[in-house]
Amino acid sequence: MSFTPRPVALAVALALPALSAAVTQVHAADAATLPEVTVSATRDTATPAGSTAVLNAADLAATRAATSDTASLLRDVPGVSLYGSGGVSSLPSIHGLADDRLRVKLDGMDLLSACPNHMNPALSYLDPSQVGSIEVYAGIAPVSVGGDSIGGSIIAETAAPEFAAAGAGSLVKGEVGAYYRSNGNARGGNLAATYATESFNISYTGAIARSDNYDAGGDFKASIFGPGNDPYFTGRPGHTLPLDEVGSTAYDTRNHTLGLAFRGGKHLVEAKFGVQDLPEQLWPNQRMDMLGNDQQRVNLRYLGDLDWGKLEARIYHEDVDHFMDFGADKKYWYTASTPDYDGSPCGVPSATCAAGMPMYTASTNTGAVVKGDINLTQQDLLRVGAEYQRYRLDDWWPASGGGMWPNTFWNINDGERDRAALFGEWEKQFDPQWMTLAGVRYERVMMDTGDVHGYKIVAPDSGNQLRDSAAFNAEDHSRTDDNWDMTVLARYTPDATRDIEFGFAHKTRSPNLHERYTWSTWTMAALMVNWVGDGNGYIGNLDLEPEKANTVSATFDWHATDRHWEFKATPYYTHVSDYIDAVQWDATNNVQRTTLLTDQFTVLKFVNQSARIYGLDLSGKMPLAKTQMGEFGLNGLASYTKGENRDTGDGLYNIMPLNAKLALTQKLGRWDNAVELVMVARKDDVSEVRNEMETPGYALVNLRGSYGWKQVRVDFGVENLFDRLYYHPLGGAYTGQGTTMSGSTTALTSPKWGTPVPGMGRSIYAGLNYSF
């Protein structure tokens with residue numbers, strides 16, 4: 001969303017006729033109101049209430065050459081960590097809450113992961129070079145930027161349209177860039193171009209990114225398969241992987257956006273069109289790989305600065321076609337009689353010969369937003385808004401032979417998830433010291449799906465497909481949730497060097513379609529439903545209730561008047577009722593296991609339980625010295641999070657252990673350099689029900705530098721300088737090669753429980769950008 005959440009107090013409906021009336025004024029407005037310099041339709045630069053970080057293009061420039069994953073641009077935001085995933089599709093986690101538990105918006109659009117492995121999250125549709133700004137709200141997010149989430153919010157925006165100065169005629173500008181990273185032979189490029197007059201703008205941005213598999217900092221495959229295993233094995237005859245190569249980490253993606261904008265006086269009308277063409281993104285912690293993802297989106301927006309305040313209206317639509325199967329590092333041909341078959345073609349697909357496991361997903365996503373900032377007084381601002389989203393999803397797996405025979409398996413058939421919301425916020429600036437914000441949000445979430453069937457539709461049954469589909473089809477699938485959110489915030493500024501912001505939030509999230517409607521207990525089918533990367537299989541639950549979270553948090557901010565030094569501390573506590581966790585499931589008897597299976601992959605069912613999460617974020621910076629060698633400074637951050645299932649006493653899954661970063665910076669003329677130390681403690685507080693793997697602690701050293709001329713910028717650096725072998729605590733289980741379709745714990749070529757995904761070894765990178 002392109003706004004700065006200032007304050008607000010009750011919900012009011014805005015009428016669409018105000019939009020059409022305002023649009024008619026676009027060409028009639030007085031051009032003399034334009035300033036004498038090139039201007040951008042940007043938001044306020046002040047930190048919004050509840051916001052943890054606001055990152056603009058200048059903040060992000062230094063990290064773009066080091067990554068093709070837009071989510072990783074947030075790695076220096078306190079409280080944010082990243083689930084390991086594909087090379088361009090990491091899942092942000094805020095205070096232990098990730099994925100659908102966060103509200104992630106791209107140019108004001110609510111984009112959802114259509115894939116049952118969540119391989120296409122919202123931020124994966126933007127290349128880092130296409131990001132204009134990102135705002136992060138950790139925990140206490142105003143209701144105007146929240147909804148259908150219990151964690152924080154991430155608001156990503158592409159560059160705002162620019163227009164020529166009054167009397168300047170036209171504006172022509174652009175940028176072209178390229179980069180290379182040694183580990184994985186990663187390379188890519190980006191192009192941006194703009195033509196504008198005083199009232200019209202057309203702009204294009206495009207980017208490509210490719211990489212081969214990356215190498216870890218050492219050999220890690222001593223026991224990735226069963227006893228007597230061949231750690232080089234992939235299941236593709238003639239294709240093996242070295243012991244330090246992390247299988248299924250290659251990717252190839254292209255992203256394009258085209259923007260048109262018209263401005264007259266205080267009114268802006270904008271259209272943005274986006275396309276993603278992703279031929280391949282392999283996955284080291286999933287059984288499948290993404291071998292195609294095509295997205296088309298259109299986003300229409302009106303923004304008006306009216307006498308009474310600001311009005312914004314938006315309509316958007318998105319189509320996604322998604323395809324998964326086994327990539328180059330995973331076995332493709334399977335036979336029923338020899339589970340450790342070397343992977344040679346076994347003939348025509350049949351009941352005894354399977355050619356891969358094709359999985360298709362198609363979704364459509366249509367939404368509308370109308371919201372307004374109403375200036376009640378100079379101290380009081382009321383924000384009100386209405387939102388609607390219509391989401392449709394089909395998830396089907398055509399027969400390919402072997403156990404996937406003879407019919408199409410319908411994982412979700414005609415899935416529907418519709419949201420309608422109203423919100424209101426009131427922000428009041430009582431005096432220079434006190435500001436308050438209070439907001440309420442109501443949402444209705446309506447979900448439904450059609451009947452399903454497995455590969456088998458007549459006896460004999462296989463994998464309980466007939467039993468499970470019949471039981472699911474006999475139930476009423478329609479569900480309606482009435483959800484309420486509330487946020488109360490206050491900011492106290494006793495003087496120019498201190499700020500204290502504290503608040504309470506109640507938030508609600510309804511289950512996603514896969515949590516509620518996936519139905520098969522068959523191990524092979526359940527293994528295909530997993531977005532947490534733990535190697536297990538998951539079963540949906542029609543009886544799931546929405547998650548409800550209550551969070552209290554405070555931020556203590558000490559700083560210089562010009563912020564050349566600062567220190568922030570943010571303690572937080574969240575209690576979640578009806579938290580969607582999981583229990584191990586006995587598929588044969590279709591009941592919960594009473595005795596946990598340990599040290600192996602297993603099948604689990606989503607259930608509501610109770611959870612609590614608490615922790616502390618610290619961050620700061622300070623100058624050290626100013627010498628002939630430049631200005632030296634120190635930046636740092638540290639985070640601690642503890643998550644616990646209150647019903648079982650078990651740890652919550654994928655909670656980042658204690659971690660810290662410390663960077664020594666140097667600025668000299670056009671040089672900007674840093675040495676960074678990354679420290680992560682051992683992860684031994686894990687989810688036992690999921691057989692989550694522990695990871696050892698580690699420390700990494702990174703180097704980065706940049707030099708800029710008027711039109712040229714060069715970025716360079718070294719990640720993991722000492723080529724350390726390490727395992728990221730949120731990297732998941734390694735299933736990047738071999739017979740990944742099998743859940744067997746004994747097959748010699750099936751990935752064995754116990755090997756986490758290793759992090760990337762040493763990588764030297766450089767990037768060049770030229771602006772014109």
# chains A, B, ... in the order shown; residues from 1 in each chain; ligands from 1

$ closest_atom_pairs --of "segment 440-548 of chain A" --to "segment 83-104 of chain A" --cutoff "8 Å" --atoms "only C-alpha atoms" --output "CSV"
residue,atom,partner,partner_atom,distance
A:Arg509,CA,A:Arg101,CA,7.0
A:Asn512,CA,A:Asp100,CA,7.7
A:Val532,CA,A:Tyr83,CA,7.7
A:Gly533,CA,A:Ser85,CA,7.4

$ write_last_selection --atoms "N, CA and C atoms" --output "PDB file, in the first residue's frame"
ATOM      1  N   ARG A 509      -6.466 -14.751  11.779  1.00  0.00           N
ATOM      2  CA  ARG A 509      -6.174 -15.291  10.438  1.00  0.00           C
ATOM      3  C   ARG A 509      -6.963 -16.563  10.223  1.00  0.00           C
ATOM      4  N   ASN A 512      -5.610 -21.224   5.280  1.00  0.00           N
ATOM      5  CA  ASN A 512      -5.574 -21.151   3.823  1.00  0.00           C
ATOM      6  C   ASN A 512      -6.256 -22.386   3.236  1.00  0.00           C
ATOM      7  N   VAL A 532       6.857 -25.813   4.699  1.00  0.00           N
ATOM      8  CA  VAL A 532       7.807 -25.471   5.758  1.00  0.00           C
ATOM      9  C   VAL A 532       9.155 -26.149   5.558  1.00  0.00           C
ATOM     10  N   GLY A 533       9.287 -27.034   4.554  1.00  0.00           N
ATOM     11  CA  GLY A 533      10.581 -27.585   4.204  1.00  0.00           C
ATOM     12  C   GLY A 533      11.169 -28.568   5.187  1.00  0.00           C
TER      13      GLY A 533
END

$ closest_atom_pairs --of "segment 195-294 of chain A" --to "segment 706-721 of chain A" --cutoff "12 Å" --atoms "only C-alpha atoms" --output "Markdown table"
| residue | atom | partner | partner_atom | distance |
| --- | --- | --- | --- | --- |
| A:Asp215 | CA | A:Asn720 | CA | 11.7 |
| A:Ala216 | CA | A:Asn720 | CA | 10.2 |
| A:Gly217 | CA | A:Asn720 | CA | 8.5 |

$ closest_residue --among "A:Ala470, A:Ser144, A:His322, A:Arg593" --to "Gly372 of chain A" --atoms "only C-alpha atoms"
A:Ser144

$ select_by_dssp --residues "segment 151-400 of chain A" --states "strand (DSSP E or B)" --output "compact mmCIF listing (two decimals) with C-alpha atoms, in the first residue's frame"
# COMPACT_ATOMS: atom_id res chain seq x y z
CA SER A 153 3.05 -6.78 7.61
CA ILE A 154 5.47 -6.25 4.71
CA ILE A 155 4.57 -3.58 2.18
CA ALA A 156 6.68 -3.70 -1.00
CA GLU A 157 6.38 -1.04 -3.68
CA GLU A 162 8.03 10.46 -12.09
CA PHE A 163 6.98 13.48 -14.16
CA LEU A 171 11.89 13.60 -18.97
CA VAL A 172 13.87 10.61 -20.26
CA LYS A 173 15.81 8.45 -17.84
CA GLY A 174 16.77 4.85 -17.23
CA GLU A 175 19.17 2.34 -15.79
CA VAL A 176 20.94 -0.77 -17.01
CA GLY A 177 22.81 -3.18 -14.77
CA ALA A 178 24.40 -6.60 -14.53
CA TYR A 179 25.96 -8.76 -11.83
CA TYR A 180 27.88 -11.98 -11.34
CA ARG A 181 28.31 -14.20 -8.27
CA ALA A 186 24.86 -16.79 -10.72
CA ARG A 187 24.34 -14.01 -13.24
CA GLY A 188 21.68 -11.59 -14.24
CA GLY A 189 20.78 -8.19 -15.54
CA ASN A 190 18.21 -5.46 -15.20
CA LEU A 191 16.86 -2.66 -17.36
CA ALA A 192 14.66 0.32 -16.50
CA ALA A 193 13.45 3.11 -18.80
CA THR A 194 11.10 6.06 -18.30
CA TYR A 195 9.62 8.66 -20.61
CA ALA A 196 7.48 11.38 -19.02
CA PHE A 200 2.09 11.54 -18.52
CA ASN A 201 4.51 8.76 -17.60
CA ILE A 202 5.36 5.45 -19.25
CA SER A 203 7.96 3.24 -17.63
CA TYR A 204 9.37 -0.28 -17.96
CA THR A 205 11.48 -2.43 -15.68
CA GLY A 206 12.77 -5.90 -16.50
CA ALA A 207 15.18 -8.33 -14.92
CA ILE A 208 16.56 -11.81 -15.51
CA ALA A 209 18.33 -14.00 -12.95
CA ARG A 210 19.95 -17.41 -13.41
CA SER A 211 22.07 -19.70 -11.28
CA ASP A 215 28.35 -25.28 -3.28
CA ARG A 236 19.35 -39.54 -13.44
CA HIS A 239 24.34 -37.39 -13.72
CA GLU A 245 27.18 -29.40 -4.20
CA TYR A 251 16.94 -21.21 -10.82
CA ASP A 252 16.02 -19.22 -13.93
CA THR A 253 13.50 -16.38 -13.74
CA ARG A 254 12.40 -13.29 -15.70
CA ASN A 255 10.22 -10.47 -14.34
CA HIS A 256 8.77 -7.53 -16.25
CA THR A 257 6.60 -4.54 -15.31
CA LEU A 258 5.08 -1.83 -17.51
CA GLY A 259 3.59 1.30 -15.97
CA LEU A 260 1.38 4.08 -17.30
CA ALA A 261 0.43 7.12 -15.24
CA PHE A 262 -1.54 10.33 -15.80
CA ARG A 263 -1.42 13.30 -13.45
CA GLY A 264 -3.30 16.53 -13.32
CA HIS A 267 -4.88 13.64 -8.99
CA LEU A 268 -3.00 10.59 -10.21
CA VAL A 269 -4.33 7.67 -12.27
CA GLU A 270 -1.95 4.74 -12.70
CA ALA A 271 -1.90 1.32 -14.38
CA LYS A 272 0.80 -1.27 -13.84
CA PHE A 273 1.12 -4.54 -15.71
CA GLY A 274 3.38 -7.34 -14.51
CA VAL A 275 4.56 -10.62 -16.01
CA GLN A 276 6.67 -13.40 -14.56
CA ASP A 277 8.11 -16.13 -16.80
CA LEU A 278 9.92 -18.61 -14.58
CA PRO A 279 11.13 -21.73 -16.44
CA GLU A 280 12.83 -23.31 -13.43
CA GLN A 281 13.40 -22.99 -9.70
CA ASP A 289 10.75 -28.74 -8.10
CA MET A 290 9.07 -25.79 -9.76
CA LEU A 291 9.45 -26.28 -13.51
CA GLY A 292 7.17 -23.47 -14.61
CA ASN A 293 5.45 -20.45 -13.10
CA ASP A 294 3.66 -17.94 -15.31
CA GLN A 295 2.01 -14.93 -13.73
CA GLN A 296 0.16 -12.03 -15.34
CA ARG A 297 -1.17 -9.16 -13.25
CA VAL A 298 -2.83 -5.81 -13.81
CA ASN A 299 -3.12 -3.14 -11.13
CA LEU A 300 -5.23 0.02 -11.59
CA ARG A 301 -4.99 2.82 -9.05
CA TYR A 302 -6.36 6.30 -8.38
CA LEU A 303 -4.80 8.66 -5.83
CA GLY A 304 -6.25 12.06 -5.04
CA ASP A 305 -5.13 14.82 -2.67
CA LEU A 306 -8.48 16.46 -1.93
CA GLY A 309 -7.70 14.56 2.82
CA LYS A 310 -6.52 11.74 0.55
CA LEU A 311 -8.53 9.22 -1.43
CA GLU A 312 -7.09 6.03 -2.92
CA ALA A 313 -8.88 3.37 -4.94
CA ARG A 314 -7.40 0.24 -6.47
CA ILE A 315 -8.59 -2.71 -8.58
CA TYR A 316 -6.25 -5.59 -9.42
CA HIS A 317 -6.31 -9.01 -11.06
CA GLU A 318 -3.78 -11.83 -11.18
CA ASP A 319 -3.60 -15.15 -13.07
CA VAL A 320 -1.07 -17.84 -12.14
CA ASP A 321 -0.26 -21.11 -13.93
CA HIS A 322 2.12 -23.25 -11.91
CA PHE A 323 3.80 -26.59 -12.69
CA MET A 324 5.90 -28.94 -10.55
CA ASP A 325 7.75 -32.18 -11.26
CA LYS A 330 15.88 -35.88 -8.64
CA TRP A 333 11.52 -42.74 -13.72
CA TYR A 334 10.09 -45.08 -11.09
CA THR A 335 9.21 -48.79 -11.16
CA SER A 350 1.75 -47.73 -16.82
CA CYS A 353 6.26 -47.63 -14.66
CA ALA A 354 5.95 -43.96 -13.66
CA ALA A 355 7.33 -41.01 -15.59
CA MET A 359 1.48 -31.39 -10.50
CA TYR A 360 -0.49 -28.41 -11.82
CA THR A 361 -1.95 -25.42 -10.01
CA ALA A 362 -4.02 -22.61 -11.51
CA SER A 363 -5.32 -19.62 -9.59
CA THR A 364 -7.10 -16.33 -10.21
CA ASN A 365 -7.01 -13.46 -7.75
CA THR A 366 -9.18 -10.33 -8.07
CA GLY A 367 -9.29 -7.54 -5.53
CA ALA A 368 -10.53 -4.02 -4.87
CA VAL A 369 -9.56 -1.43 -2.26
CA VAL A 370 -11.05 1.96 -1.42
CA LYS A 371 -9.59 3.98 1.44
CA GLY A 372 -9.34 7.53 2.59
CA ASP A 373 -7.34 9.70 4.99
CA ILE A 374 -9.72 12.32 6.42
CA ASN A 375 -8.21 15.38 8.09
CA ASP A 380 -6.64 14.31 14.16
CA LEU A 381 -6.64 12.07 11.13
CA LEU A 382 -9.24 9.42 10.39
CA ARG A 383 -8.42 6.61 8.01
CA VAL A 384 -11.24 4.41 6.73
CA GLY A 385 -11.33 1.76 4.06
CA ALA A 386 -13.01 -1.22 2.47
CA GLU A 387 -11.35 -4.22 0.78
CA TYR A 388 -12.55 -7.22 -1.20
CA GLN A 389 -10.66 -10.23 -2.55
CA ARG A 390 -11.96 -13.10 -4.69
CA TYR A 391 -9.56 -16.05 -4.94
CA ARG A 392 -10.01 -19.28 -6.93
CA LEU A 393 -7.66 -22.29 -6.98
CA ASP A 394 -7.41 -25.68 -8.68
CA ASP A 395 -4.68 -28.14 -7.72
CA TRP A 396 -4.53 -31.38 -9.75
CA TRP A 397 -2.00 -34.11 -10.51

$ closest_residue --among "A:Arg690, A:Arg467, A:Arg670, A:Lys568" --to "Tyr538 of chain A" --atoms "only C-alpha atoms"
A:Arg690

$ residues_around --residues "Gln609 of chain A" --least-positions-apart "5" --cutoff "9 Å" --atoms "only C-alpha atoms" --output "PyMOL selection string"
chain A and resi 576-582+645-648

$ closest_residue --among "A:Trp434, A:Trp522, A:Phe472, A:Tyr765" --to "Thr63 of chain A" --atoms "only C-alpha atoms"
A:Tyr765

$ closest_residue --among "A:Glu501, A:Asp148, A:Asp230, A:Asp461" --to "Trp405 of chain A" --atoms "only C-alpha atoms"
A:Asp461

$ closest_residue --among "A:Ser771, A:Ser619, A:Thr408, A:Asn536" --to "Val689 of chain A" --atoms "only C-alpha atoms"
A:Asn536

$ residues_around --residues "Val445 of chain A" --least-positions-apart "6" --cutoff "12 Å" --atoms "only C-alpha atoms" --output "VMD selection string"
chain A and resid 147 to 148 387 to 391 416 to 421 478 to 484 508 to 513 545 to 546

$ atom_distance --atom1 "atom CA of Pro237 of chain A" --atom2 "atom CA of Gly343 of chain A"
6.3 Å

$ residues_around --residues "segment 697-703 of chain A" --least-positions-apart "6" --cutoff "10 Å" --atoms "only C-alpha atoms" --output "ChimeraX atom specification"
/A:657-664,673-684,716-729,762-764

$ closest_residue --among "A:Ala459, A:Met288, A:Val529, A:Ala766" --to "Met741 of chain A" --atoms "only C-alpha atoms"
A:Met288

$ atom_distance --atom1 "atom CA of Ala611 of chain A" --atom2 "atom CA of Glu644 of chain A"
5.6 Å

$ atom_distance --atom1 "atom CA of Ala328 of chain A" --atom2 "atom CA of Ser248 of chain A"
7.6 Å

$ residues_around --residues "Asn473 of chain A" --least-positions-apart "6" --cutoff "9 Å" --atoms "only C-alpha atoms" --output "number ranges by chain"
A: 450-453

$ write_last_selection --atoms "N, CA and C atoms" --output "PDB file, in the first residue's frame"
ATOM      1  N   GLY A 450     -14.950 -28.061  -4.078  1.00  0.00           N
ATOM      2  CA  GLY A 450     -15.757 -29.137  -4.640  1.00  0.00           C
ATOM      3  C   GLY A 450     -15.303 -30.505  -4.164  1.00  0.00           C
ATOM      4  N   ASP A 451     -15.978 -31.541  -4.653  1.00  0.00           N
ATOM      5  CA  ASP A 451     -15.619 -32.917  -4.324  1.00  0.00           C
ATOM      6  C   ASP A 451     -14.308 -33.293  -5.007  1.00  0.00           C
ATOM      7  N   VAL A 452     -13.662 -34.313  -4.474  1.00  0.00           N
ATOM      8  CA  VAL A 452     -12.337 -34.713  -4.944  1.00  0.00           C
ATOM      9  C   VAL A 452     -12.295 -36.217  -5.196  1.00  0.00           C
ATOM     10  N   HIS A 453     -11.242 -36.667  -5.852  1.00  0.00           N
ATOM     11  CA  HIS A 453     -10.932 -38.088  -5.924  1.00  0.00           C
ATOM     12  C   HIS A 453      -9.437 -38.241  -6.173  1.00  0.00           C
TER      13      HIS A 453
END

$ residues_around --residues "Tyr455 of chain A" --least-positions-apart "5" --cutoff "12 Å" --atoms "only C-alpha atoms" --output "VMD selection string"
chain A and resid 351 357 396 to 411 460 to 466 469 520 522 524 to 525

$ write_last_selection --atoms "C-alpha atoms" --output "short mmCIF file (atom, residue, chain, number, x, y, z; two decimals), in the first residue's frame"
data_model
loop_
_atom_site.label_atom_id
_atom_site.label_comp_id
_atom_site.auth_asym_id
_atom_site.auth_seq_id
_atom_site.Cartn_x
_atom_site.Cartn_y
_atom_site.Cartn_z
CA ALA A 351 0.71 -49.31 -13.54
CA MET A 357 4.81 -36.86 -11.01
CA TRP A 396 -4.53 -31.38 -9.75
CA TRP A 397 -2.00 -34.11 -10.51
CA PRO A 398 -2.40 -36.03 -13.81
CA ALA A 399 -1.70 -39.77 -13.87
CA SER A 400 1.91 -40.60 -14.74
CA GLY A 401 2.10 -44.32 -13.99
CA GLY A 402 2.98 -46.57 -11.07
CA GLY A 403 1.07 -45.51 -7.95
CA MET A 404 -0.07 -42.39 -9.85
CA TRP A 405 -2.49 -44.32 -12.04
CA PRO A 406 -4.94 -44.35 -13.83
CA ASN A 407 -6.89 -41.12 -13.09
CA THR A 408 -6.12 -37.51 -12.18
CA PHE A 409 -5.62 -36.83 -8.46
CA TRP A 410 -7.60 -33.77 -7.37
CA ASN A 411 -5.85 -32.22 -4.38
CA PRO A 460 -9.01 -52.06 -4.95
CA ASP A 461 -8.06 -49.09 -2.79
CA SER A 462 -4.46 -47.86 -2.68
CA GLY A 463 -3.10 -45.52 -0.03
CA ASN A 464 -6.64 -45.15 1.39
CA GLN A 465 -7.53 -42.86 -1.51
CA LEU A 466 -11.08 -44.22 -1.82
CA SER A 469 -12.02 -39.03 -0.67
CA SER A 520 -5.38 -37.58 1.58
CA TRP A 522 -1.57 -41.46 1.75
CA MET A 524 3.10 -40.00 -1.05
CA ALA A 525 0.24 -37.51 -1.52
#

$ decode --residues "segment 280-288 of chain A" --atoms "all heavy atoms" --output "compact mmCIF listing (two decimals), in the first residue's frame"
# COMPACT_ATOMS: atom_id res chain seq x y z
N GLU A 280 12.28 -22.32 -14.34
CA GLU A 280 12.83 -23.31 -13.43
C GLU A 280 13.24 -22.65 -12.12
O GLU A 280 13.88 -21.60 -12.09
CB GLU A 280 14.05 -23.98 -14.07
CG GLU A 280 14.80 -24.94 -13.17
CD GLU A 280 16.06 -25.47 -13.82
OE1 GLU A 280 17.08 -24.75 -13.83
OE2 GLU A 280 16.02 -26.61 -14.33
N GLN A 281 12.86 -23.29 -11.01
CA GLN A 281 13.40 -22.99 -9.70
C GLN A 281 13.38 -24.29 -8.90
O GLN A 281 12.31 -24.78 -8.54
CB GLN A 281 12.61 -21.89 -8.98
CG GLN A 281 13.26 -21.49 -7.66
CD GLN A 281 12.55 -20.35 -6.96
OE1 GLN A 281 13.09 -19.75 -6.04
NE2 GLN A 281 11.35 -20.04 -7.37
N LEU A 282 14.56 -24.86 -8.71
CA LEU A 282 14.65 -26.14 -8.02
C LEU A 282 14.65 -25.93 -6.51
O LEU A 282 14.93 -24.83 -6.03
CB LEU A 282 15.90 -26.90 -8.48
CG LEU A 282 16.08 -27.03 -10.00
CD1 LEU A 282 17.27 -27.93 -10.32
CD2 LEU A 282 14.81 -27.55 -10.68
N TRP A 283 14.34 -27.00 -5.77
CA TRP A 283 14.07 -26.86 -4.33
C TRP A 283 14.86 -27.89 -3.52
O TRP A 283 14.63 -29.09 -3.62
CB TRP A 283 12.58 -27.05 -4.08
CG TRP A 283 11.97 -25.89 -3.39
CD1 TRP A 283 11.69 -25.79 -2.05
CD2 TRP A 283 11.54 -24.66 -3.97
NE1 TRP A 283 11.13 -24.56 -1.77
CE2 TRP A 283 11.04 -23.85 -2.94
CE3 TRP A 283 11.57 -24.17 -5.27
CZ2 TRP A 283 10.53 -22.58 -3.15
CZ3 TRP A 283 11.07 -22.89 -5.50
CH2 TRP A 283 10.56 -22.12 -4.45
N PRO A 284 15.78 -27.46 -2.66
CA PRO A 284 16.59 -28.41 -1.90
C PRO A 284 15.89 -29.03 -0.70
O PRO A 284 16.36 -30.04 -0.17
CB PRO A 284 17.78 -27.56 -1.44
CG PRO A 284 17.20 -26.18 -1.30
CD PRO A 284 16.19 -26.06 -2.40
N ASN A 285 14.76 -28.43 -0.25
CA ASN A 285 14.08 -28.98 0.92
C ASN A 285 12.63 -29.40 0.62
O ASN A 285 11.78 -29.44 1.51
CB ASN A 285 14.11 -27.99 2.09
CG ASN A 285 13.42 -26.67 1.78
OD1 ASN A 285 12.75 -26.53 0.76
ND2 ASN A 285 13.56 -25.69 2.67
N GLN A 286 12.35 -29.70 -0.66
CA GLN A 286 11.05 -30.22 -1.05
C GLN A 286 11.24 -31.44 -1.95
O GLN A 286 12.29 -31.61 -2.59
CB GLN A 286 10.23 -29.16 -1.80
CG GLN A 286 9.79 -27.98 -0.94
CD GLN A 286 8.76 -28.36 0.11
OE1 GLN A 286 8.27 -29.48 0.14
NE2 GLN A 286 8.42 -27.40 0.97
N ARG A 287 10.20 -32.27 -2.03
CA ARG A 287 10.26 -33.48 -2.87
C ARG A 287 10.16 -33.14 -4.35
O ARG A 287 10.60 -33.92 -5.19
CB ARG A 287 9.11 -34.41 -2.49
CG ARG A 287 8.96 -34.65 -0.99
CD ARG A 287 9.96 -35.65 -0.50
NE ARG A 287 9.93 -35.80 0.95
CZ ARG A 287 10.46 -36.83 1.59
NH1 ARG A 287 11.06 -37.79 0.92
NH2 ARG A 287 10.41 -36.90 2.90
N MET A 288 9.57 -32.00 -4.66
CA MET A 288 9.32 -31.59 -6.03
C MET A 288 10.13 -30.34 -6.36
O MET A 288 10.69 -29.69 -5.48
CB MET A 288 7.83 -31.31 -6.26
CG MET A 288 6.89 -32.41 -5.76
SD MET A 288 7.08 -33.94 -6.65
CE MET A 288 6.40 -33.48 -8.24
